[in-house]
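Structure data follow from structure-v3.cif (mmCIF, C-alpha atoms):
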```cif
data_entry
#
loop_
_atom_site.label_atom_id
_atom_site.label_comp_id
_atom_site.auth_asym_id
_atom_site.auth_seq_id
_atom_site.Cartn_x
_atom_site.Cartn_y
_atom_site.Cartn_z
CA MET A 52 19.96 27.68 -16.36
CA GLN A 53 22.77 25.26 -17.23
CA TYR A 54 24.56 26.07 -13.96
CA TYR A 55 21.55 25.38 -11.72
CA THR A 56 20.59 22.27 -13.64
CA GLN A 57 24.02 20.80 -12.88
CA TYR A 58 24.00 22.21 -9.34
CA ILE A 59 20.76 20.44 -8.43
CA ASN A 60 21.38 17.19 -10.34
CA ASN A 61 24.77 16.78 -8.63
CA LYS A 62 23.13 16.69 -5.21
CA PRO A 63 21.46 13.32 -4.53
CA GLU A 64 19.21 14.84 -1.83
CA TYR A 65 17.70 17.24 -4.40
CA GLU A 66 15.13 16.54 -7.12
CA MET A 67 14.67 19.08 -9.91
CA ALA A 68 11.18 20.64 -9.72
CA GLY A 69 11.85 23.12 -12.53
CA ILE A 70 13.73 26.24 -13.52
CA TYR A 71 11.83 29.52 -13.43
CA ALA A 72 13.42 32.40 -15.32
CA ASP A 73 12.29 35.79 -16.64
CA GLU A 74 14.56 37.04 -19.39
CA ALA A 75 15.08 40.84 -19.59
CA ILE A 76 12.26 41.55 -17.12
CA THR A 77 12.82 44.03 -14.31
CA GLY A 78 12.78 42.71 -10.75
CA THR A 79 11.19 45.85 -9.30
CA SER A 80 7.70 44.40 -9.79
CA THR A 81 6.34 40.85 -9.96
CA ARG A 82 3.35 41.84 -12.10
CA LYS A 83 4.92 40.99 -15.47
CA ARG A 84 7.26 38.22 -14.29
CA ASP A 85 5.49 35.15 -15.63
CA GLY A 86 8.24 32.74 -14.54
CA PHE A 87 8.29 34.09 -10.99
CA ASN A 88 4.52 33.98 -10.67
CA ARG A 89 4.44 30.43 -12.04
CA MET A 90 7.00 29.42 -9.39
CA ILE A 91 4.86 30.89 -6.57
CA GLU A 92 1.80 29.09 -7.97
CA ASP A 93 3.69 25.77 -8.02
CA CYS A 94 4.80 26.37 -4.42
CA ASP A 95 1.16 26.94 -3.45
CA ASN A 96 0.23 23.68 -5.21
CA GLY A 97 2.84 21.66 -3.31
CA LYS A 98 5.14 21.03 -6.30
CA ILE A 99 8.16 22.74 -4.72
CA ASP A 100 9.82 22.19 -1.31
CA TYR A 101 12.83 24.47 -1.63
CA VAL A 102 13.82 27.44 -3.81
CA ILE A 103 17.40 28.24 -4.83
CA THR A 104 18.27 31.58 -6.41
CA LYS A 105 21.48 33.37 -7.32
CA SER A 106 20.92 36.46 -5.17
CA ILE A 107 18.31 38.67 -3.51
CA SER A 108 18.39 41.10 -6.46
CA ARG A 109 17.48 38.20 -8.80
CA PHE A 110 14.54 37.24 -6.58
CA ALA A 111 13.11 40.79 -6.32
CA ARG A 112 14.41 44.35 -6.11
CA ASN A 113 11.37 45.54 -4.25
CA THR A 114 11.77 45.18 -0.47
CA GLN A 115 8.04 44.76 0.01
CA ASP A 116 7.88 41.93 -2.55
CA CYS A 117 10.97 40.26 -1.08
CA LEU A 118 9.47 40.12 2.40
CA LYS A 119 5.95 39.32 1.20
CA TYR A 120 6.90 36.28 -0.86
CA SER A 121 9.65 34.98 1.44
CA ARG A 122 7.24 35.04 4.40
CA HIS A 123 4.48 33.50 2.31
CA LEU A 124 6.74 30.61 1.27
CA LYS A 125 8.05 30.26 4.83
CA SER A 126 4.46 29.85 6.06
CA LEU A 127 4.21 26.93 3.62
CA GLY A 128 7.41 25.43 5.05
CA ILE A 129 9.35 26.34 1.90
CA GLY A 130 12.77 27.92 2.33
CA ILE A 131 14.62 30.16 -0.12
CA TYR A 132 18.38 29.87 -0.41
CA PHE A 133 20.19 32.94 -1.75
CA GLU A 134 23.51 31.59 -2.95
CA LYS A 135 25.46 34.87 -3.20
CA GLU A 136 24.45 36.08 0.27
CA ASN A 137 24.46 32.54 1.78
CA ILE A 138 21.07 33.11 3.42
CA ASN A 139 18.40 30.49 4.07
CA THR A 140 15.06 32.07 5.01
CA LEU A 141 14.23 29.08 7.25
CA ASP A 142 17.18 29.87 9.51
CA ALA A 143 16.35 31.85 12.65
CA SER A 144 18.97 34.54 11.93
CA GLY A 145 18.16 34.74 8.24
CA GLU A 146 15.22 37.18 8.28
CA LEU A 147 17.03 40.19 9.77
CA LEU A 148 19.94 39.94 7.35
CA PHE A 149 17.54 39.22 4.50
CA THR A 150 15.51 42.39 5.28
CA ILE A 151 18.64 44.54 5.28
CA LEU A 152 20.02 43.09 2.06
CA SER A 153 16.67 43.26 0.24
CA SER A 154 16.51 46.99 1.10
CA LEU A 155 19.98 47.38 -0.40
CA ALA A 156 18.80 45.56 -3.56
CA GLN A 157 15.89 48.00 -3.87
CA GLU A 158 18.24 50.94 -3.41
CA GLU A 159 20.48 49.53 -6.13
CA SER A 160 17.49 49.38 -8.44
CA ARG A 161 16.66 53.01 -7.64
CA ASN A 162 20.23 54.05 -8.47
CA ILE A 163 20.07 52.21 -11.79
CA SER A 164 16.75 53.91 -12.58
CA GLU A 165 18.11 57.38 -11.72
CA ASN A 166 21.22 56.79 -13.82
CA SER A 167 19.09 55.64 -16.75
CA LYS A 168 16.86 58.71 -16.44
CA TRP A 169 19.88 60.99 -16.36
CA GLY A 170 21.29 59.40 -19.51
CA ILE A 171 17.98 59.65 -21.38
CA ARG A 172 17.33 63.26 -20.36
CA HIS A 173 20.91 64.27 -21.13
CA GLY A 174 20.34 62.82 -24.59
CA PHE A 175 17.14 64.87 -24.91
CA LYS A 176 19.08 68.06 -24.14
CA ASN A 177 21.44 67.22 -26.99
CA GLY A 178 18.54 66.51 -29.36
CA LYS A 179 18.87 62.72 -29.19
CA PRO A 180 15.35 61.28 -28.91
CA LEU A 181 14.25 57.95 -27.52
CA ILE A 182 11.47 56.96 -29.92
CA ASN A 183 9.40 53.80 -30.30
CA THR A 184 8.08 53.98 -33.86
CA THR A 185 5.64 51.11 -33.22
CA SER A 186 3.57 53.38 -30.97
CA PHE A 187 2.59 55.83 -33.72
CA MET A 188 2.06 55.74 -37.49
CA GLY A 189 4.00 57.21 -40.40
CA TYR A 190 7.67 56.65 -39.62
CA ASP A 191 10.42 54.06 -39.20
CA LYS A 192 13.95 54.58 -37.87
CA ASP A 193 17.13 54.31 -39.93
CA GLU A 194 20.42 52.83 -38.67
CA ASN A 195 21.26 56.14 -36.98
CA GLY A 196 17.94 56.34 -35.13
CA LYS A 197 16.63 59.11 -37.41
CA LEU A 198 12.95 59.14 -38.34
CA VAL A 199 12.28 58.25 -41.99
CA ILE A 200 8.87 58.17 -43.68
CA ASN A 201 7.09 54.83 -43.99
CA LYS A 202 5.39 55.38 -47.37
CA GLU A 203 2.46 53.03 -46.83
CA GLN A 204 1.66 54.36 -43.37
CA ALA A 205 2.12 57.94 -44.58
CA LYS A 206 -0.80 57.41 -47.01
CA ILE A 207 -3.06 56.60 -44.05
CA VAL A 208 -1.82 59.62 -42.09
CA ARG A 209 -2.49 61.96 -45.04
CA ARG A 210 -5.94 60.45 -45.54
CA ILE A 211 -6.87 61.12 -41.89
CA TYR A 212 -5.66 64.73 -41.98
CA THR A 213 -7.41 65.38 -45.32
CA ARG A 214 -10.75 63.97 -44.17
CA PHE A 215 -10.57 65.94 -40.92
CA LEU A 216 -10.01 69.23 -42.76
CA GLU A 217 -12.84 68.32 -45.12
CA GLY A 218 -15.10 68.52 -42.06
CA ALA A 219 -15.46 64.81 -41.31
CA PRO A 220 -16.01 64.07 -37.59
CA ILE A 221 -13.39 61.82 -35.99
CA ALA A 222 -15.94 59.03 -35.41
CA LEU A 223 -16.80 59.05 -39.13
CA ILE A 224 -13.11 58.84 -40.06
CA CYS A 225 -12.77 55.79 -37.79
CA ARG A 226 -15.79 54.16 -39.40
CA GLU A 227 -14.43 54.75 -42.91
CA LEU A 228 -11.04 53.25 -41.98
CA ARG A 229 -12.70 50.19 -40.42
CA ASP A 230 -15.03 49.76 -43.40
CA ASP A 231 -12.03 49.87 -45.75
CA LYS A 232 -10.20 47.35 -43.52
CA VAL A 233 -7.24 49.70 -43.07
CA ARG A 234 -4.77 48.35 -40.51
CA GLY A 235 -4.37 50.44 -37.37
CA ILE A 236 -1.28 51.03 -35.24
CA ASN A 237 0.20 47.63 -34.38
CA ASN A 238 -2.79 46.16 -36.25
CA GLY A 239 -5.07 47.61 -33.58
CA THR A 240 -8.59 48.93 -34.03
CA TRP A 241 -9.45 52.47 -35.08
CA ALA A 242 -10.76 54.31 -32.02
CA CYS A 243 -11.54 58.03 -31.78
CA ALA A 244 -8.79 58.60 -29.21
CA VAL A 245 -6.25 56.97 -31.55
CA VAL A 246 -7.18 59.21 -34.50
CA ARG A 247 -7.21 62.33 -32.33
CA ALA A 248 -3.71 61.48 -31.03
CA MET A 249 -2.54 61.16 -34.66
CA LEU A 250 -3.99 64.55 -35.50
CA GLU A 251 -2.15 66.10 -32.53
CA ASN A 252 1.19 64.38 -33.17
CA GLU A 253 3.80 67.02 -34.03
CA LYS A 254 6.07 64.39 -35.60
CA HIS A 255 3.81 64.37 -38.65
CA CYS A 256 4.85 67.95 -39.52
CA GLY A 257 8.56 67.25 -39.01
CA ASP A 258 8.93 68.54 -35.45
CA LEU A 259 9.82 66.54 -32.35
CA LEU A 260 8.70 67.08 -28.75
CA MET A 261 10.64 64.90 -26.32
CA GLN A 262 9.54 63.72 -22.87
CA LYS A 263 5.78 63.92 -23.32
CA THR A 264 5.57 61.31 -20.56
CA TYR A 265 7.86 60.30 -17.73
CA CYS A 266 8.27 57.42 -15.26
CA GLU A 267 6.49 58.43 -12.07
CA ASP A 268 7.79 55.60 -9.89
CA TYR A 269 10.78 53.33 -10.52
CA LEU A 270 9.07 50.45 -8.71
CA SER A 271 5.75 50.48 -10.60
CA LYS A 272 7.32 51.77 -13.87
CA LYS A 273 4.12 53.76 -14.36
CA GLN A 274 4.32 56.28 -17.21
CA VAL A 275 2.30 59.48 -16.75
CA LYS A 276 1.66 62.49 -18.97
CA ASN A 277 4.12 65.33 -18.47
CA TYR A 278 2.34 68.57 -17.59
CA GLY A 279 5.56 70.39 -16.73
CA GLU A 280 6.78 68.26 -13.84
CA VAL A 281 9.98 67.55 -15.81
CA ASP A 282 11.62 69.45 -18.67
CA GLN A 283 10.47 68.88 -22.25
CA TYR A 284 12.67 69.43 -25.30
CA PHE A 285 11.40 70.61 -28.70
CA VAL A 286 13.30 70.17 -31.97
CA GLU A 287 11.90 72.05 -34.96
CA ASN A 288 12.28 70.50 -38.43
CA ASP A 289 13.90 67.39 -36.96
CA HIS A 290 12.93 65.09 -39.84
CA GLU A 291 11.00 65.00 -43.12
CA ALA A 292 7.34 66.00 -42.73
CA ILE A 293 4.36 63.96 -43.89
CA ILE A 294 1.95 66.86 -43.36
CA PRO A 295 2.94 70.45 -44.34
CA LYS A 296 3.40 72.68 -41.28
CA ASP A 297 0.61 75.07 -42.31
CA GLU A 298 -1.83 72.19 -42.69
CA TRP A 299 -0.82 70.68 -39.34
CA LEU A 300 -1.34 74.03 -37.62
CA ALA A 301 -4.75 74.34 -39.30
CA VAL A 302 -5.68 70.94 -37.83
CA GLN A 303 -4.72 72.09 -34.32
CA LEU A 304 -6.88 75.22 -34.70
CA GLU A 305 -9.77 73.13 -36.04
CA LEU A 306 -9.48 70.75 -33.07
CA GLN A 307 -9.74 73.77 -30.76
CA ARG A 308 -12.67 75.19 -32.73
CA ARG A 309 -14.61 71.92 -32.55
CA GLU A 310 -13.92 71.59 -28.82
CA LYS A 311 -15.13 75.14 -28.17
CA TYR A 312 -18.24 74.58 -30.31
CA ARG A 313 -18.99 71.29 -28.52
CA ASN A 314 -18.77 72.98 -25.12
CA GLU A 315 -20.96 75.83 -26.33
CA VAL A 316 -23.88 73.79 -27.66
CA GLY A 317 -23.39 70.69 -25.51
CA PHE A 318 -23.04 67.23 -27.03
CA LEU A 319 -20.81 64.17 -26.80
CA LYS A 320 -17.18 64.59 -27.80
CA TYR A 321 -17.43 62.19 -30.75
CA TYR A 322 -20.38 61.81 -33.12
CA SER A 323 -21.06 60.09 -36.42
CA GLY A 324 -21.56 63.15 -38.64
CA LEU A 325 -23.67 61.16 -41.09
CA GLY A 326 -25.93 63.36 -43.21
CA GLY A 327 -23.93 66.58 -43.05
CA PHE A 328 -26.24 68.49 -40.69
CA SER A 329 -25.48 66.24 -37.72
CA ARG A 330 -24.63 68.40 -34.64
CA LYS A 331 -24.74 71.52 -36.82
CA VAL A 332 -28.36 72.57 -36.27
CA VAL A 333 -28.70 74.78 -33.18
CA CYS A 334 -31.75 76.14 -31.39
CA GLY A 335 -32.11 79.92 -31.44
CA CYS A 336 -34.12 79.78 -28.19
CA CYS A 337 -31.96 77.72 -25.78
CA GLY A 338 -28.73 77.23 -27.73
CA LYS A 339 -28.84 73.43 -27.65
CA ILE A 340 -28.44 71.23 -30.71
CA TYR A 341 -31.20 69.79 -32.84
CA THR A 342 -31.47 66.03 -33.37
CA ARG A 343 -33.09 64.27 -36.30
CA ARG A 344 -35.99 61.91 -35.68
CA ASN A 345 -36.59 58.80 -37.71
CA ALA A 346 -38.75 59.40 -40.76
CA ASP A 347 -42.51 59.22 -40.23
CA THR A 348 -44.89 57.03 -42.24
CA ASN A 349 -44.83 59.57 -45.07
CA GLY A 350 -41.02 59.54 -45.20
CA ASN A 351 -40.68 63.05 -43.70
CA LYS A 352 -37.60 63.64 -41.54
CA LYS A 353 -37.92 66.17 -38.74
CA TRP A 354 -35.47 67.79 -36.35
CA PHE A 355 -36.24 68.69 -32.73
CA CYS A 356 -34.36 70.63 -30.06
CA GLU A 357 -32.58 68.62 -27.34
CA GLY A 358 -34.14 71.07 -24.86
CA LYS A 359 -37.51 69.40 -25.52
CA LYS A 360 -36.37 65.93 -24.38
CA ASN A 361 -37.75 66.37 -20.87
CA PRO A 362 -41.14 68.04 -21.32
CA SER A 363 -41.94 70.53 -18.59
CA LYS A 364 -43.14 74.11 -18.27
CA ASP A 365 -39.47 75.17 -18.53
CA SER A 366 -38.69 73.08 -21.60
CA CYS A 367 -37.51 74.81 -24.77
CA LYS A 368 -40.10 76.32 -27.10
CA GLY A 369 -37.93 75.80 -30.18
CA PRO A 370 -40.03 74.61 -33.16
CA LEU A 371 -40.01 71.19 -34.79
CA VAL A 372 -38.35 71.63 -38.20
CA GLU A 373 -38.69 69.51 -41.32
CA GLU A 374 -35.38 68.51 -42.86
CA GLU A 375 -36.57 69.82 -46.20
CA ARG A 376 -36.63 73.34 -44.72
CA LEU A 377 -33.03 72.97 -43.51
CA ASN A 378 -32.04 71.85 -47.00
CA LYS A 379 -33.75 74.87 -48.57
CA ALA A 380 -32.15 77.24 -46.06
CA PHE A 381 -28.68 75.92 -46.87
CA ILE A 382 -29.30 76.03 -50.64
CA ILE A 383 -30.58 79.63 -50.52
CA ALA A 384 -27.68 80.76 -48.31
CA TRP A 385 -25.06 79.07 -50.48
CA ASN A 386 -26.48 80.33 -53.77
CA THR A 387 -26.51 83.86 -52.30
CA ILE A 388 -22.78 83.51 -51.63
CA VAL A 389 -22.25 82.34 -55.21
CA GLN A 390 -24.20 85.36 -56.54
CA GLU A 391 -22.02 87.65 -54.40
CA LYS A 392 -18.93 85.91 -55.71
CA ASP A 393 -16.76 88.93 -56.56
CA PRO A 394 -16.82 90.73 -53.17
CA ASN A 395 -16.53 87.36 -51.41
CA ILE A 396 -13.41 86.45 -53.40
CA LEU A 397 -11.83 89.76 -52.37
CA LYS A 398 -12.55 88.89 -48.74
CA TRP A 399 -11.16 85.35 -49.11
CA ASP A 400 -8.02 86.59 -50.86
CA GLU A 401 -7.42 88.90 -47.92
CA GLN A 402 -7.88 85.98 -45.48
CA ILE A 403 -5.42 83.88 -47.48
CA VAL A 404 -2.78 86.61 -47.10
CA GLU A 405 -3.45 87.82 -43.55
CA GLY A 406 -5.34 85.02 -41.79
CA ASP A 407 -4.12 82.22 -39.55
CA PRO A 408 -3.54 78.74 -41.06
CA LEU A 409 -7.16 77.65 -40.53
CA GLN A 410 -8.60 80.88 -41.97
CA ARG A 411 -6.37 80.52 -45.02
CA LEU A 412 -7.52 76.94 -45.53
CA ARG A 413 -11.22 77.82 -45.18
CA ALA A 414 -10.88 80.74 -47.62
CA ARG A 415 -9.28 78.46 -50.22
CA GLN A 416 -12.02 75.85 -49.71
CA MET A 417 -14.77 78.46 -50.14
CA LYS A 418 -13.18 79.79 -53.33
CA MET A 419 -12.93 76.27 -54.72
CA MET A 420 -16.56 75.39 -53.96
CA VAL A 421 -17.96 78.72 -55.24
CA GLU A 422 -16.35 78.07 -58.61
CA GLU A 423 -18.72 75.10 -59.02
CA GLY A 424 -21.67 77.52 -59.09
CA ASN A 425 -25.23 77.29 -57.73
CA ILE A 426 -26.60 74.11 -56.17
CA SER A 427 -30.08 72.63 -56.37
CA GLU A 428 -29.71 69.88 -53.78
CA VAL A 429 -27.75 69.29 -50.57
CA VAL A 430 -24.69 67.06 -50.67
CA PRO A 431 -23.49 65.98 -47.17
CA GLU A 432 -19.78 66.30 -48.08
CA HIS A 433 -20.38 69.89 -49.20
CA VAL A 434 -22.20 70.69 -45.95
CA MET A 435 -19.40 69.22 -43.81
CA LEU A 436 -16.79 71.19 -45.75
CA VAL A 437 -18.31 74.69 -45.45
CA LEU A 438 -21.07 74.83 -42.79
CA GLU A 439 -20.38 75.92 -39.23
CA ARG A 440 -24.03 75.81 -38.02
CA ILE A 441 -27.65 76.60 -38.84
CA VAL A 442 -29.47 78.51 -36.09
CA VAL A 443 -33.22 77.85 -36.01
CA HIS A 444 -35.11 81.00 -34.95
CA SER A 445 -38.48 79.80 -36.22
CA LYS A 446 -39.91 77.42 -38.82
CA GLU A 447 -39.32 80.12 -41.44
CA HIS A 448 -36.28 82.02 -40.16
CA PHE A 449 -32.79 80.45 -40.22
CA GLU A 450 -29.34 81.90 -39.64
CA VAL A 451 -26.76 80.02 -41.72
CA ARG A 452 -23.15 80.43 -40.55
CA PHE A 453 -20.23 79.25 -42.66
CA LEU A 454 -16.77 78.21 -41.51
CA ASP A 455 -15.10 81.21 -43.17
CA GLY A 456 -17.17 83.57 -40.99
CA THR A 457 -19.86 84.41 -43.57
CA VAL A 458 -23.39 84.62 -42.10
CA LYS A 459 -26.66 84.59 -44.11
CA ASN A 460 -30.15 85.10 -42.68
CA VAL A 461 -32.67 83.11 -44.69
CA CYS A 462 -36.47 82.96 -44.80
CA VAL A 463 -38.00 79.73 -46.08
CA GLY A 464 -41.67 80.05 -47.02
#
```
Please express the file's structure as structure tokens.
Amino acid sequence: MQYYTQYINNKPEYEMAGIYADEAITGTSTRKRDGFNRMIEDCDNGKIDYVITKSISRFARNTQDCLKYSRHLKSLGIGIYFEKENINTLDASGELLFTILSSLAQEESRNISENSKWGIRHGFKNGKPLINTTSFMGYDKDENGKLVINKEQAKIVRRIYTRFLEGAPIALICRELRDDKVRGINNGTWACAVVRAMLENEKHCGDLLMQKTYCEDYLSKKQVKNYGEVDQYFVENDHEAIIPKDEWLAVQLELQRREKYRNEVGFLKYYSGLGGFSRKVVCGCCGKIYTRRNADTNGNKKWFCEGKKNPSKDSCKGPLVEEERLNKAFIIAWNTIVQEKDPNILKWDEQIVEGDPLQRLRARQMKMMVEEGNISEVVPEHVMLVLERIVVHSKEHFEVRFLDGTVKNVCVG
């Protein structure tokens, strides 16, 4: 900037219109080059008659952009002087040489990109990650680039994992975080996709998967998800875990279970989960979910099958069910499990020893809740923790399925 200020001021035929610079911004695309775009805008507005730049590679490393903008400025009667190459785009012989040299500048950029990729991927092979800790929550980097736990963020991470394994839907977790004014990643908002990505992040259990994404095109710099197009590198126990490995694996299995259940009964990916029974009441006739209606004038809440939404001769014949009957069905089923405590505990102990991480977790949760004894009313948090679904066969007959695999058929008079 100092050089070109002196260069222009020392020439009496020149008048400084401004200096346009983009610090540490790649020249392969003009999209994020604010200084460059401001210069083009000023040219369009008649504020500039002539552009001086150090070299073609400083102007643009994309041949298409080089030609596009040089021709655009030429059409306005504005020349570009490339000092290193000694080319003036207004000269008759300048365009051919300019086209050749701009192609060379693009090729140079490609070589730099390939060399950078090689260096990064070679580092991956040797277990040296390239991590931006501002893009996820729970860790900072020490002076050696090693991940270290950020204690305040780790509290949020643990809270999200705990609530998820307590049965809370992702949308409800987001709502709770927003209501409590918890800061998101980079102070962003809490969206369902953000929370799901946190639940799937292997870094939280101490492992490290490198090259989840890769640069598809060195000109656009577009990052795309890696589905096997390039090698990935996995380092087990790379750093201190926030979430125990068994718990993290249980979360992955629960994510799969919820996805399978959603596809089976058919509903939106994310739902509020308020009330406990939300998206857990299923029609025994058509297999679709039941939805709760607003309370009537007497305060009665009723649930109806989604298959009845479009009345026709082929619509579902599933009955309208009062919420009080669902409550009674759950209470009867749960109290039956409590009464059969001893054989159930034997079953759960076996699951804790031989089951997968999710089965072990569910068995421990069932044992914990059974110790509290019979219930006389429905508590939503209890329902979310233990209930898989209630299948409505009729107004009196319900099939109550629990997350540990226990099934109870209940008649409500």
Next on the checklist: Here is a test: counting only C-alpha atoms, which residue of A:Arg343, A:Lys135, A:His433, A:Lys418 is nearest to Arg109 in chain A?
Outcome noted: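 Among A:Arg343, A:Lys135, A:His433, A:Lys418, it is A:Lys135 that comes nearest to Arg109 in chain A.
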Next on the checklist: Just want the 12 Å neighbourhood of range 63-76 of chain A, counted on all atoms listed in the file, with same-chain residues fewer than 6 positions away dropped. Output as an NGL selection string.
Outcome noted: :A and (52-57 or 82-94 or 97-105 or 109-112 or 272)
Item to check | Nearest candidate to Asp193 in chain A (options A:Leu260, A:Val443, A:His290, A:Gly317; using all atoms listed in the file) | outcome: A:His290
Next on the checklist: Quick check on the file I pasted: which residues fall under the PyMOL selection byres ((chain A and resi 128) around 10)? Write them as an MDAnalysis selection string.
Outcome noted: chainID A and resid 94 100:101 122:127 129:130 141
Residues as selected, C-alpha atoms, written as a CSV table (one decimal), in the frame of the given file, can you do that?
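The resulting file, out.csv, is shown below:
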```
chain,number,residue,atom,x,y,z
A,94,CYS,CA,4.8,26.4,-4.4
A,100,ASP,CA,9.8,22.2,-1.3
A,101,TYR,CA,12.8,24.5,-1.6
A,122,ARG,CA,7.2,35.0,4.4
A,123,HIS,CA,4.5,33.5,2.3
A,124,LEU,CA,6.7,30.6,1.3
A,125,LYS,CA,8.0,30.3,4.8
A,126,SER,CA,4.5,29.8,6.1
A,127,LEU,CA,4.2,26.9,3.6
A,129,ILE,CA,9.4,26.3,1.9
A,130,GLY,CA,12.8,27.9,2.3
A,141,LEU,CA,14.2,29.1,7.2
```
Item to check | Shortest interatomic distance to Val429 in chain A - which of A:Gln416, A:Gln402, A:Asn252, A:Asn386, counting only C-alpha atoms | outcome: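 Distance minimum relative to Val429 in chain A lands on A:Asn386.
Nearest-residue note for Val430 in chain A: choosing from A:Trp354, A:Trp241, A:Tyr58, A:Phe328, the minimum distance belongs to A:Phe328, counting all atoms listed in the file.
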Checklist entry - Just how far from CA of Ile182 in chain A is CA of Glu253 in chain A, in Å to one decimal? => result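 So the answer is 13.3 Å.
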Checklist entry - Rounded to one decimal in Å, what is the spacing between CA of Asp231 in chain A and CA of Lys206 in chain A? => result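 Computing it gives 13.6 Å between the two atoms.
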Next on the checklist: Could you list, as an NGL selection string, every residue matched by the PyMOL selection byres ((chain A and resi 414) around 8) in this structure?
Outcome noted: :A and (399-400 or 402-403 or 410-413 or 415-418 or 455)
Would you mind listing what lies within 10 Å of Leu306 in chain A as an mmCIF file with C-alpha atoms, keeping the file's coordinate frame, with only C-alpha atoms counted and same-chain residues fewer than 3 positions away left out?
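Dumped to part_28.cif:
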```
data_model
loop_
_atom_site.group_PDB
_atom_site.id
_atom_site.type_symbol
_atom_site.label_atom_id
_atom_site.label_comp_id
_atom_site.auth_asym_id
_atom_site.auth_seq_id
_atom_site.Cartn_x
_atom_site.Cartn_y
_atom_site.Cartn_z
ATOM 1 C CA PHE A 215 -10.570 65.940 -40.920
ATOM 2 C CA LEU A 216 -10.010 69.230 -42.760
ATOM 3 C CA ARG A 247 -7.210 62.330 -32.330
ATOM 4 C CA LEU A 250 -3.990 64.550 -35.500
ATOM 5 C CA GLU A 251 -2.150 66.100 -32.530
ATOM 6 C CA LEU A 300 -1.340 74.030 -37.620
ATOM 7 C CA ALA A 301 -4.750 74.340 -39.300
ATOM 8 C CA VAL A 302 -5.680 70.940 -37.830
ATOM 9 C CA GLN A 303 -4.720 72.090 -34.320
ATOM 10 C CA ARG A 309 -14.610 71.920 -32.550
ATOM 11 C CA GLU A 310 -13.920 71.590 -28.820
ATOM 12 C CA LYS A 311 -15.130 75.140 -28.170
ATOM 13 C CA TYR A 312 -18.240 74.580 -30.310
#
```
Checklist entry - Expanded to explicit residues, what is the PyMOL selection byres ((chain A and resi 212) around 9) for this file, as a list in words? => result Ile207, Val208, Arg209, Arg210, Ile211, Thr213, Arg214, Phe215, Leu216, Glu217, Met249, Leu250, Ile294, Glu298, Trp299 and Val302 of chain A
Next on the checklist: Quick check, in Å to one decimal: how far apart do CA of Asn183 in chain A and CA of Ile221 in chain A lie?
Outcome noted: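 Answer for the CA of Asn183 in chain A to CA of Ile221 in chain A separation: 24.8 Å.
The nearest approach to Cys462 in chain A among the residues A:Glu227, A:Glu447, A:Glu374, A:Asp95, with all atoms listed in the file taken into account, belongs to A:Glu447.
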Next on the checklist: Nearest residue to Glu428 in chain A out of A:Lys296, A:Lys119, A:Lys379, A:Arg313, using all atoms listed in the file?
Outcome noted: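 Counting all atoms listed in the file, the residue closest to Glu428 in chain A is A:Lys379.
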Checklist entry - Skipping near chain neighbours, those fewer than 4 positions away, what residues fall within 6 Å of range 458-460 of chain A using all atoms listed in the file, listed as an MDAnalysis selection string? => result chainID A and resid 384 449:452
Next on the checklist: Can you tell me which residues surround Leu198 in chain A at a distance of at most 9 Å, considering all atoms listed in the file, apart from same-chain residues fewer than 2 positions away, and format the answer as a PyMOL selection string?
Outcome noted: chain A and resi 182+184+190-193+195-196+200+289-291
Next on the checklist: Report as a PyMOL selection string all protein, DNA and RNA residues lying within 9 Å of range 331-336 of chain A, evaluated on all atoms listed in the file, omitting residues in the same chain fewer than 2 positions from it.
Outcome noted: chain A and resi 316+327-329+338-342+354-358+367-370+377+438-445+449-450
